[in-house]
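Structure file work-v8.txt; described as compact mmCIF, C-alpha atoms.
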# COMPACT_ATOMS: atom_id res chain seq x y z
CA MET A 1 119.89 118.32 94.73
CA THR A 2 121.55 117.67 91.44
CA ALA A 3 122.88 114.12 91.46
CA SER A 4 122.62 112.73 87.97
CA SER A 5 125.60 110.52 87.21
CA SER A 6 124.98 106.79 87.47
CA THR A 7 126.97 104.93 90.11
CA ARG A 8 126.36 101.28 89.35
CA THR A 9 127.74 98.26 91.10
CA ASP A 10 126.56 94.70 90.97
CA LEU A 11 126.29 94.43 94.74
CA ARG A 12 125.39 91.03 96.09
CA ILE A 13 125.07 90.08 99.74
CA GLY A 14 124.90 86.32 99.74
CA PRO A 15 122.18 85.34 97.26
CA PHE A 16 120.62 88.81 97.25
CA ARG A 17 121.27 91.39 94.54
CA VAL A 18 121.06 94.84 96.09
CA ASP A 19 119.90 97.31 93.43
CA PRO A 20 120.56 100.13 93.83
CA PRO A 21 123.38 99.42 96.33
CA VAL A 22 121.61 101.02 99.30
CA VAL A 23 121.08 99.73 102.84
CA LEU A 24 118.90 101.31 105.53
CA ALA A 25 121.03 101.21 108.67
CA PRO A 26 119.55 99.64 111.78
CA MET A 27 118.63 102.41 114.22
CA ALA A 28 117.35 101.74 117.72
CA GLY A 29 113.73 102.81 118.14
CA VAL A 30 113.48 103.85 114.49
CA THR A 31 113.85 101.01 111.98
CA ASN A 32 110.95 98.97 113.24
CA ARG A 33 108.54 97.19 110.92
CA ALA A 34 106.49 100.36 110.29
CA TYR A 35 109.37 102.64 109.35
CA ARG A 36 111.03 100.01 107.19
CA ARG A 37 107.78 99.64 105.24
CA LEU A 38 107.55 103.40 104.79
CA CYS A 39 111.10 103.52 103.43
CA ARG A 40 110.42 100.55 101.14
CA GLU A 41 107.35 102.28 99.73
CA PHE A 42 109.60 105.10 98.52
CA GLY A 43 112.74 103.13 97.70
CA SER A 44 113.68 100.09 95.70
CA ARG A 45 112.29 96.78 96.82
CA ASP A 46 115.73 95.37 96.01
CA ALA A 47 117.52 97.57 98.54
CA ILE A 48 118.03 96.23 102.07
CA TYR A 49 116.19 97.63 105.09
CA VAL A 50 117.61 96.42 108.39
CA CYS A 51 115.58 95.81 111.55
CA GLU A 52 116.67 97.64 114.70
CA MET A 53 119.27 95.89 116.87
CA ILE A 54 118.20 92.62 118.52
CA THR A 55 120.06 91.10 121.45
CA ALA A 56 121.25 87.53 120.86
CA ARG A 57 120.57 86.45 124.43
CA ALA A 58 116.98 87.71 124.18
CA ILE A 59 116.46 85.50 121.13
CA VAL A 60 117.91 82.48 122.89
CA GLU A 61 115.59 83.10 125.85
CA ARG A 62 112.60 83.81 123.56
CA ASN A 63 111.93 87.20 125.14
CA GLU A 64 108.41 88.27 124.15
CA LYS A 65 109.23 91.96 123.62
CA THR A 66 112.18 91.03 121.43
CA LEU A 67 110.10 88.64 119.32
CA HIS A 68 107.70 91.51 118.60
CA MET A 69 110.60 93.75 117.58
CA MET A 70 111.78 91.06 115.17
CA SER A 71 108.58 90.98 113.13
CA PHE A 72 108.65 91.57 109.36
CA ASP A 73 106.01 92.30 106.73
CA ASP A 74 104.88 89.28 104.73
CA ASP A 75 106.30 90.79 101.53
CA GLU A 76 109.56 92.05 103.05
CA SER A 77 112.53 90.46 101.31
CA PRO A 78 115.21 90.02 102.28
CA ARG A 79 114.26 90.08 105.93
CA SER A 80 117.33 91.70 107.42
CA MET A 81 118.15 91.55 111.13
CA GLN A 82 121.00 93.04 113.16
CA LEU A 83 122.19 91.13 116.23
CA TYR A 84 124.09 92.37 119.25
CA GLY A 85 126.20 90.15 121.46
CA VAL A 86 129.64 89.54 122.91
CA ASP A 87 129.51 85.81 123.68
CA PRO A 88 130.24 83.52 120.69
CA VAL A 89 128.03 80.79 122.19
CA ASN A 90 124.99 83.06 122.50
CA LEU A 91 125.52 84.60 119.08
CA GLY A 92 125.96 81.22 117.42
CA GLU A 93 122.82 79.86 119.06
CA ALA A 94 120.84 82.98 118.17
CA VAL A 95 121.86 82.63 114.53
CA ARG A 96 120.88 78.95 114.60
CA ILE A 97 117.44 79.88 115.91
CA VAL A 98 116.89 82.79 113.52
CA ALA A 99 118.13 80.94 110.44
CA GLY A 100 116.79 77.53 111.39
CA GLU A 101 113.28 78.79 112.11
CA GLY A 102 113.25 80.99 109.02
CA TRP A 103 112.91 84.28 110.89
CA ALA A 104 115.37 86.25 108.73
CA ASP A 105 117.23 85.98 105.43
CA HIS A 106 120.27 88.11 106.34
CA ILE A 107 122.01 88.68 109.67
CA ASP A 108 124.27 91.63 110.51
CA LEU A 109 126.43 91.95 113.62
CA ASN A 110 126.50 95.24 115.51
CA LEU A 111 130.12 96.30 115.99
CA GLY A 112 129.46 100.04 115.82
CA CYS A 113 127.24 101.12 118.69
CA PRO A 114 129.12 103.75 120.80
CA VAL A 115 126.54 103.97 123.62
CA PRO A 116 128.29 103.65 127.02
CA LYS A 117 125.94 100.96 128.36
CA VAL A 118 126.98 98.80 125.38
CA THR A 119 130.72 99.53 125.16
CA LYS A 120 131.29 99.22 128.92
CA LEU A 121 130.30 95.57 128.56
CA GLY A 122 132.66 95.01 125.63
CA GLY A 123 129.93 95.16 122.99
CA GLY A 124 129.27 97.29 119.95
CA ALA A 125 132.19 99.49 118.94
CA ALA A 126 134.38 98.14 121.76
CA LEU A 127 134.36 94.54 120.53
CA PRO A 128 136.60 94.73 117.42
CA TYR A 129 139.60 95.64 119.59
CA LYS A 130 139.53 92.04 120.86
CA ARG A 131 140.66 90.43 117.61
CA GLY A 132 140.71 86.91 119.01
CA LEU A 133 137.22 87.14 120.47
CA LEU A 134 135.87 88.70 117.28
CA ALA A 135 137.33 85.86 115.19
CA ARG A 136 135.58 83.33 117.45
CA ILE A 137 132.29 85.21 117.09
CA VAL A 138 132.58 85.34 113.30
CA GLU A 139 133.34 81.62 113.20
CA ALA A 140 130.33 80.81 115.39
CA MET A 141 127.88 83.01 113.46
CA VAL A 142 129.00 82.07 109.95
CA GLY A 143 129.11 78.40 110.90
CA ALA A 144 125.58 78.51 112.29
CA ALA A 145 124.20 80.41 109.28
CA GLN A 146 125.87 78.48 106.44
CA PRO A 147 123.61 75.38 106.47
CA TYR A 148 120.63 77.64 105.86
CA GLY A 149 122.22 79.84 103.20
CA VAL A 150 121.85 82.97 105.35
CA PRO A 151 124.61 85.55 104.75
CA VAL A 152 126.29 87.20 107.75
CA THR A 153 127.64 90.75 107.53
CA LEU A 154 129.47 93.08 109.92
CA LYS A 155 128.96 96.81 110.50
CA PHE A 156 131.74 98.51 112.44
CA ARG A 157 133.58 101.78 113.11
CA LYS A 158 137.17 102.86 112.53
CA GLY A 159 138.09 101.91 116.08
CA ILE A 160 137.71 102.94 119.69
CA ASP A 161 139.59 106.21 119.18
CA ASP A 162 142.41 107.54 117.00
CA ASP A 163 144.97 105.65 119.12
CA HIS A 164 143.13 102.33 118.80
CA LEU A 165 142.07 101.91 115.18
CA THR A 166 140.77 98.45 114.31
CA PHE A 167 138.88 98.71 111.02
CA LEU A 168 141.50 97.10 108.78
CA ASP A 169 141.96 94.13 111.13
CA THR A 170 138.18 93.79 111.44
CA GLY A 171 137.84 93.73 107.66
CA ARG A 172 140.49 91.04 107.33
CA ILE A 173 138.92 88.91 110.10
CA ALA A 174 135.58 89.20 108.30
CA GLU A 175 137.06 88.30 104.94
CA ASP A 176 138.95 85.31 106.33
CA GLY A 177 135.92 84.14 108.31
CA GLY A 178 133.44 83.85 105.47
CA VAL A 179 131.47 87.05 106.10
CA ALA A 180 129.40 88.07 103.05
CA ALA A 181 129.98 91.86 103.20
CA ILE A 182 131.19 94.57 105.56
CA ALA A 183 130.15 98.16 106.24
CA LEU A 184 132.30 100.87 107.80
CA HIS A 185 130.88 103.83 109.70
CA ALA A 186 133.85 106.08 109.15
CA ARG A 187 134.03 107.49 112.68
CA THR A 188 135.61 106.19 115.87
CA ALA A 189 133.52 105.26 118.89
CA ALA A 190 134.98 108.28 120.68
CA GLN A 191 133.56 110.57 117.99
CA ARG A 192 130.09 109.12 118.46
CA TYR A 193 128.15 111.06 115.79
CA SER A 194 130.12 114.30 115.97
CA GLY A 195 132.44 115.88 113.44
CA GLN A 196 132.87 114.57 109.94
CA ALA A 197 133.06 110.97 108.78
CA ASP A 198 136.48 110.03 107.39
CA TRP A 199 135.63 108.74 103.95
CA ASN A 200 139.33 108.13 103.28
CA ALA A 201 139.11 105.25 105.76
CA ILE A 202 136.42 103.65 103.60
CA ALA A 203 138.74 103.88 100.60
CA GLU A 204 141.56 102.36 102.64
CA LEU A 205 139.35 99.49 103.75
CA LYS A 206 138.21 98.89 100.17
CA GLU A 207 141.83 98.60 99.07
CA ALA A 208 142.62 96.16 101.89
CA VAL A 209 139.57 93.92 101.55
CA THR A 210 139.13 92.74 97.98
CA SER A 211 137.11 89.52 97.97
CA ILE A 212 133.87 90.72 99.61
CA PRO A 213 131.80 93.92 99.20
CA VAL A 214 132.74 96.97 101.27
CA LEU A 215 129.97 99.45 102.04
CA GLY A 216 130.37 103.00 103.34
CA ASN A 217 128.43 104.73 106.09
CA GLY A 218 128.62 108.22 107.55
CA ASP A 219 127.35 111.66 106.51
CA ILE A 220 125.05 110.57 103.70
CA PHE A 221 122.35 113.21 104.00
CA SER A 222 121.46 113.50 100.31
CA ALA A 223 121.60 111.64 97.03
CA ASP A 224 124.61 113.78 96.09
CA ASP A 225 126.42 112.50 99.19
CA ALA A 226 125.85 108.87 98.21
CA VAL A 227 127.15 109.44 94.68
CA ALA A 228 130.15 111.34 96.04
CA MET A 229 131.01 108.66 98.61
CA MET A 230 130.99 105.89 96.02
CA ALA A 231 133.03 107.93 93.57
CA GLN A 232 135.56 109.05 96.18
CA THR A 233 136.05 105.75 98.00
CA GLY A 234 135.27 103.07 95.42
CA CYS A 235 132.94 101.40 97.92
CA ASP A 236 130.38 98.91 96.65
CA GLY A 237 127.35 100.51 98.27
CA VAL A 238 126.12 102.92 100.91
CA VAL A 239 124.49 102.49 104.30
CA VAL A 240 122.13 105.33 105.24
CA GLY A 241 121.19 106.08 108.83
CA ARG A 242 120.45 109.52 110.28
CA GLY A 243 120.05 111.09 106.85
CA CYS A 244 116.62 109.49 106.40
CA LEU A 245 115.19 110.55 109.77
CA GLY A 246 111.97 112.38 108.94
CA ARG A 247 112.78 111.83 105.24
CA PRO A 248 111.83 108.30 104.17
CA TRP A 249 111.53 109.68 100.62
CA LEU A 250 115.34 109.93 100.61
CA PHE A 251 115.28 106.33 99.35
CA ALA A 252 113.47 107.46 96.18
CA GLU A 253 116.15 110.09 95.65
CA LEU A 254 118.94 107.57 96.28
CA SER A 255 117.43 105.09 93.82
CA ALA A 256 117.21 107.75 91.13
CA ALA A 257 120.71 109.14 91.70
CA LEU A 258 122.45 105.79 91.77
CA ARG A 259 120.67 104.72 88.59
CA GLY A 260 121.49 107.97 86.80
CA GLU A 261 117.85 109.08 86.68
CA PRO A 262 116.40 112.56 87.41
CA LEU A 263 115.73 113.16 91.10
CA PRO A 264 112.11 113.43 92.21
CA THR A 265 110.94 116.79 93.52
CA PRO A 266 111.11 116.90 97.34
CA PRO A 267 107.67 116.91 99.01
CA ASN A 268 105.92 120.11 100.00
CA LEU A 269 104.47 120.48 103.48
CA GLY A 270 101.13 118.99 102.49
CA GLU A 271 102.84 115.90 101.11
CA VAL A 272 104.99 115.63 104.25
CA GLY A 273 101.76 115.73 106.26
CA ALA A 274 100.41 112.80 104.24
CA ILE A 275 103.63 110.86 104.90
CA MET A 276 103.32 111.59 108.63
CA HIS A 277 99.77 110.22 108.54
CA ARG A 278 100.94 107.08 106.73
CA HIS A 279 103.69 106.58 109.30
CA ALA A 280 101.17 106.96 112.14
CA VAL A 281 98.82 104.38 110.62
CA LEU A 282 101.65 101.88 110.15
CA LEU A 283 102.86 102.37 113.73
CA ALA A 284 99.32 101.99 115.08
CA GLU A 285 98.98 98.71 113.17
CA HIS A 286 102.32 97.48 114.51
CA HIS A 287 102.17 98.61 118.14
CA GLY A 288 98.56 99.60 118.74
CA GLU A 289 97.47 103.24 118.53
CA GLU A 290 98.55 104.40 122.00
CA ARG A 291 102.06 102.99 121.85
CA GLY A 292 102.42 103.63 118.14
CA LEU A 293 101.61 107.34 118.37
CA ARG A 294 103.88 107.68 121.37
CA ASP A 295 106.63 106.19 119.23
CA LEU A 296 105.82 108.64 116.42
CA ARG A 297 106.43 111.71 118.59
CA LYS A 298 110.21 111.64 118.25
CA HIS A 299 109.84 111.78 114.46
CA MET A 300 107.84 115.02 114.46
CA ALA A 301 110.78 117.43 114.73
CA TRP A 302 112.57 115.55 111.96
CA TYR A 303 109.58 115.71 109.61
CA LEU A 304 109.03 119.44 110.28
CA MET A 305 112.71 120.42 110.22
CA GLY A 306 113.19 123.72 108.39
CA PHE A 307 109.50 124.30 107.65
CA PRO A 308 107.88 127.53 108.93
CA VAL A 309 105.73 125.92 111.63
CA GLY A 310 105.02 127.83 114.85
CA GLY A 311 106.25 126.71 118.24
CA ASP A 312 102.82 125.94 119.68
CA LEU A 313 101.91 123.73 116.73
CA ARG A 314 105.29 121.96 116.89
CA ARG A 315 104.74 121.24 120.58
CA SER A 316 101.31 119.80 119.80
CA PHE A 317 102.81 117.50 117.18
CA ALA A 318 105.40 116.35 119.73
CA ALA A 319 102.63 115.35 122.17
CA VAL A 320 100.23 113.70 119.70
CA SER A 321 98.39 110.64 121.01
CA THR A 322 95.88 109.50 118.35
CA VAL A 323 95.76 109.34 114.57
CA ALA A 324 92.69 111.59 114.59
CA GLU A 325 94.54 114.19 116.67
CA LEU A 326 97.47 114.02 114.27
CA ASP A 327 95.16 114.55 111.30
CA GLY A 328 93.72 117.64 112.98
CA LEU A 329 97.20 119.08 113.42
CA ILE A 330 98.19 118.25 109.85
CA ALA A 331 95.10 120.16 108.67
CA GLN A 332 96.57 123.30 110.27
CA LEU A 333 99.69 123.17 108.08
CA ASP A 334 100.00 125.22 104.91
CA PRO A 335 100.15 122.44 102.32
CA VAL A 336 101.80 124.43 99.53
CA VAL A 337 104.95 125.40 101.43
CA PRO A 338 107.87 123.89 99.48
CA PHE A 339 110.51 121.70 101.04
CA PRO A 340 113.12 124.02 102.63
CA ALA A 341 116.40 124.25 100.75
CA ASP A 342 118.36 124.09 104.02
CA ALA A 343 116.55 121.07 105.47
CA GLY A 344 118.50 118.42 103.61
CA GLY A 345 121.57 118.42 105.83
CA PRO A 346 122.52 116.69 109.08
CA ARG A 347 119.73 115.53 111.37
CA GLY A 348 119.38 113.29 114.38
CA ARG A 349 121.79 112.95 117.26
CA GLN A 350 125.26 114.38 116.90
CA GLY A 351 126.53 114.99 120.42
CA SER A 352 130.10 115.60 121.43
CA PRO A 353 133.15 113.36 121.29
CA GLY A 354 134.18 111.74 124.55
CA LYS A 355 136.06 108.93 126.21
CA VAL A 356 134.69 105.48 125.47
CA SER A 357 133.45 103.41 128.42
CA LEU A 358 135.22 100.04 128.39
CA PRO A 359 135.46 96.99 130.66
CA TYR A 360 138.37 97.09 133.13
CA GLY A 361 141.61 96.13 131.39
CA TRP A 362 139.93 95.89 127.97
CA LEU A 363 142.89 97.40 126.11
CA ASP A 364 145.53 95.20 127.78
CA ASP A 365 145.48 92.27 125.35
CA PRO A 366 143.76 92.43 121.97
CA GLU A 367 144.11 88.67 121.51
CA ASP A 368 142.30 87.81 124.76
CA THR A 369 139.14 85.79 124.01
CA THR A 370 137.56 86.08 127.46
CA VAL A 371 133.92 87.20 127.43
CA PRO A 372 133.36 89.96 130.03
CA ARG A 373 131.07 88.97 132.88
CA GLY A 374 127.48 90.07 132.27
CA ALA A 375 128.26 91.13 128.72
CA ASP A 376 125.13 89.75 127.06
CA VAL A 377 122.48 91.63 129.00
CA MET A 378 119.07 92.11 127.42
CA HIS A 379 118.60 95.48 125.77
CA SER A 380 117.26 94.84 122.30
CA GLY A 381 116.99 98.06 120.37
CA GLY A 382 120.01 99.69 121.97
Structure rendered as structure tokens:
Amino acid sequence: MTASSSTRTDLRIGPFRVDPPVVLAPMAGVTNRAYRRLCREFGSRDAIYVCEMITARAIVERNEKTLHMMSFDDDESPRSMQLYGVDPVNLGEAVRIVAGEGWADHIDLNLGCPVPKVTKLGGGAALPYKRGLLARIVEAMVGAAQPYGVPVTLKFRKGIDDDHLTFLDTGRIAEDGGVAAIALHARTAAQRYSGQADWNAIAELKEAVTSIPVLGNGDIFSADDAVAMMAQTGCDGVVVGRGCLGRPWLFAELSAALRGEPLPTPPNLGEVGAIMHRHAVLLAEHHGEERGLRDLRKHMAWYLMGFPVGGDLRRSFAAVSTVAELDGLIAQLDPVVPFPADAGGPRGRQGSPGKVSLPYGWLDDPEDTTVPRGADVMHSGG
């Protein structure tokens, strides 16, 4: 990677200066307390690292599993939480609880999830089509957060599909409703994670929304990509999701690139092994060793992507169950193997485009404010 030009913005989200202007995207089953800490250890402490998605109704009902998912390190600041919901009442009450009890310093609303079990209930990427309902939600959340000085942000997609684009209306609703910043994943829900992100849409949104920061998301797999997105679109910052899977050190590279500093050398296989060990220890502390190492398994293919590691050893990594077992496997790696030149590209789920599951009659009236029956089911984490 060769990024060297400085891309500076004075990005502020509420009272928080975000320097460099980088946000770790909330990812279900990934951006828990352990992984956020790992990313923070590489990146700037003044970036933002968002907790995985939390369901508003689960907060209101004080669900024990959800409360564990919401935990933050003592030195984590700002404590950033993403909420999911469809009902303005539940979302407003959840924000009141979170802000009033001091559980988080920044709250984001999930308007981008394309998973069928979410969109078929009117949530995630389906919700912005209902402009009237979205405006009510924004009013409820911002109103509940304001007395506590907690900024509310929105992260959303271009729309449901190419025939139902909503991102400009969503940006205007956010701006008019007192939202502190917005982030656009420049794909439709129908695209899921396939194809290429449409960075031109980010530029269009930035031109339309002028009084609050606009962040870009989609296809940032390297420091070069972040610099290019900001230069091409004029966006105020970047949101990084799949690009950091198995590469928490990407945040060191992003910090350097966006500050115009030389990029650090990517880790060799021995250094990646040490990072895997650190991740395992953090997960064991957070979840307990059995559950923590089970959670680590999905990260193994991402960490080892592109490295010359045999199939049997890869399968052993994917079934690891203790830190000691992991250390034994790491000892079998050749530590001097350099980071593969072709391992810096796309990673994580991509899938194929497809029709978006929606509630019956969802597209009939975009101004309808009715909350679909059963919309706020409990599924924190996605």
At a cut-off of 9 Å, can you tabulate as JSON lines every residue of region 46-86 of chain A near region 103-106 of chain A together with its closest atom pair and the distance in Å to one decimal, using all atoms listed in the file and ordering rows by chain then number?
{"residue": "A:Val50", "atom": "CA", "partner": "A:His106", "partner_atom": "CA", "distance": 9.0}
{"residue": "A:Met70", "atom": "CA", "partner": "A:Trp103", "partner_atom": "CA", "distance": 8.1}
{"residue": "A:Ser71", "atom": "CA", "partner": "A:Trp103", "partner_atom": "CA", "distance": 8.3}
{"residue": "A:Phe72", "atom": "CA", "partner": "A:Trp103", "partner_atom": "CA", "distance": 8.6}
{"residue": "A:Ser77", "atom": "CA", "partner": "A:Asp105", "partner_atom": "CA", "distance": 7.7}
{"residue": "A:Pro78", "atom": "CA", "partner": "A:Asp105", "partner_atom": "CA", "distance": 5.5}
{"residue": "A:Arg79", "atom": "CA", "partner": "A:Ala104", "partner_atom": "CA", "distance": 4.9}
{"residue": "A:Ser80", "atom": "CA", "partner": "A:His106", "partner_atom": "CA", "distance": 4.8}
{"residue": "A:Met81", "atom": "CA", "partner": "A:His106", "partner_atom": "CA", "distance": 6.3}
{"residue": "A:Gln82", "atom": "CA", "partner": "A:His106", "partner_atom": "CA", "distance": 8.4}
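Closest approach to Gly149 (chain A) among A:Gly14, A:Tyr49, A:Pro308, A:Ala28: A:Gly14, based on all atoms listed in the file.
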Residues at most 12 Å from Phe42 (chain A), counting all atoms listed in the file, excluding those fewer than 2 positions away in the same chain, as a compact mmCIF listing (two decimals) with C-alpha atoms, in the coordinates of the input?
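Done, and the output landed in part-v2.txt:
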# COMPACT_ATOMS: atom_id res chain seq x y z
CA TYR A 35 109.37 102.64 109.35
CA ARG A 36 111.03 100.01 107.19
CA ARG A 37 107.78 99.64 105.24
CA LEU A 38 107.55 103.40 104.79
CA CYS A 39 111.10 103.52 103.43
CA ARG A 40 110.42 100.55 101.14
CA SER A 44 113.68 100.09 95.70
CA ARG A 45 112.29 96.78 96.82
CA ASP A 46 115.73 95.37 96.01
CA ALA A 47 117.52 97.57 98.54
CA TYR A 49 116.19 97.63 105.09
CA CYS A 244 116.62 109.49 106.40
CA ARG A 247 112.78 111.83 105.24
CA PRO A 248 111.83 108.30 104.17
CA TRP A 249 111.53 109.68 100.62
CA LEU A 250 115.34 109.93 100.61
CA PHE A 251 115.28 106.33 99.35
CA ALA A 252 113.47 107.46 96.18
CA GLU A 253 116.15 110.09 95.65
CA LEU A 254 118.94 107.57 96.28
CA SER A 255 117.43 105.09 93.82
CA ALA A 256 117.21 107.75 91.13
CA PRO A 264 112.11 113.43 92.21
CA PRO A 266 111.11 116.90 97.34
CA PRO A 267 107.67 116.91 99.01
CA ILE A 275 103.63 110.86 104.90
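CA of Gly348 (chain A) sits 21.4 Å away from CA of Glu271 (chain A).
Among the candidates A:Ala375, A:Leu358, A:Ala324, A:Ala186, the one nearest to Gly85 (chain A) when counting all atoms listed in the file is A:Ala375.
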Hey, which bits of region 91-195 of chain A sit within 10 Å of region 56-68 of chain A, and for each residue what's the closest pair of atoms and how far apart in Å (one decimal), counting all atoms listed in the file, rows by chain and increasing number, as a tab-separated table?
residue	atom	partner	partner_atom	distance
A:Leu91	CA	A:Ala56	CA	5.5
A:Gly92	CA	A:Ala56	CA	8.6
A:Glu93	CA	A:Val60	CA	6.8
A:Ala94	CA	A:Ala56	CA	5.3
A:Val95	CA	A:Ala56	CA	8.0
A:Arg96	CA	A:Val60	CA	9.5
A:Ile97	CA	A:Val60	CA	7.5
A:Val98	CA	A:Ile59	CA	8.1
A:Trp103	CA	A:Leu67	CA	9.9
A:Leu109	CA	A:Ala56	CA	9.9
For CA of Glu325 (chain A) and CA of Pro26 (chain A), determine how far apart the two atoms are, in Å to one decimal place.
29.3 Å
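For the residues A:Gly124, A:Pro372, A:Gly218, A:Pro88, ranking by smallest atom-to-atom distance to Arg136 (chain A) using all atoms listed in the file places A:Pro88 first.
CA of Val320 (chain A) to CA of Ala274 (chain A) spans 15.5 Å [interatomic distance, one decimal].
Proximity to region 115-118 of chain A at 10 Å, evaluated using only C-alpha atoms and with sequence-adjacent residues fewer than 5 positions away removed, yields Tyr84, Gly85, Val86, Gly123, Gly124, Ala125, Ala126, Leu127, Ala189, Ala190, Arg192, Lys355, Val356, Ser357, Leu358, Ala375, Asp376, Val377, His379 and Gly382 of chain A.
For the set A:Pro366, A:Thr233, A:Arg278, A:Val22, the residue with the smallest atom-to-atom gap to Thr166 (chain A) is A:Pro366, counting all atoms listed in the file.
Those residues that approach Gly345 (chain A) to within 12 Å, counting all atoms listed in the file, are Met1, Asp219, Ile220, Phe221, Ser222, Ala223, Asp224, Asp225, Arg242, Gly243, Cys244, Leu245, Gly246, Arg247, Leu250, Trp302, Met305, Gly306, Pro340, Ala341, Asp342, Ala343, Arg347 and Gly348 of chain A; same-chain residues fewer than 2 positions away are not listed.
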Name the residues, using the chain letters and numbers of the file, that sit within 12 Å of (138.3, 110.6, 105.9) when counting only C-alpha atoms, and give them as a ChimeraX atom specification.
/A:158,184-188,195-205,216-219,229,232-233
Using only C-alpha atoms, which protein or nucleic acid residues come within 6 Å of Cys235 (chain A)? Drop anything in the same chain fewer than 4 positions from it, and give the result as an MDAnalysis selection string.
chainID A and resid 214:215 230
Requested write-out: C-alpha atoms of the selected residues, as a short mmCIF file (atom, residue, chain, number, x, y, z; two decimals), in the coordinates of the input:
data_model
loop_
_atom_site.label_atom_id
_atom_site.label_comp_id
_atom_site.auth_asym_id
_atom_site.auth_seq_id
_atom_site.Cartn_x
_atom_site.Cartn_y
_atom_site.Cartn_z
CA VAL A 214 132.74 96.97 101.27
CA LEU A 215 129.97 99.45 102.04
CA MET A 230 130.99 105.89 96.02
#
Arg33 (chain A) environment, 9 Å, only C-alpha atoms, sequence neighbours closer than 6 positions dropped, as a ChimeraX atom specification
/A:51-52,69-73,282-283,286
Please, could you write that set of residues out with C-alpha atoms as a PDB file, keeping the file's coordinate frame?
ATOM      1  CA  CYS A  51     115.580  95.810 111.550  1.00  0.00           C
ATOM      2  CA  GLU A  52     116.670  97.640 114.700  1.00  0.00           C
ATOM      3  CA  MET A  69     110.600  93.750 117.580  1.00  0.00           C
ATOM      4  CA  MET A  70     111.780  91.060 115.170  1.00  0.00           C
ATOM      5  CA  SER A  71     108.580  90.980 113.130  1.00  0.00           C
ATOM      6  CA  PHE A  72     108.650  91.570 109.360  1.00  0.00           C
ATOM      7  CA  ASP A  73     106.010  92.300 106.730  1.00  0.00           C
ATOM      8  CA  LEU A 282     101.650 101.880 110.150  1.00  0.00           C
ATOM      9  CA  LEU A 283     102.860 102.370 113.730  1.00  0.00           C
ATOM     10  CA  HIS A 286     102.320  97.480 114.510  1.00  0.00           C
TER      11      HIS A 286
END
In terms of the shortest atom-to-atom distance over all atoms listed in the file, which of A:Ala145, A:Val18, A:Leu121, A:Ile212 is closest to Ile182 (chain A)?
A:Ile212
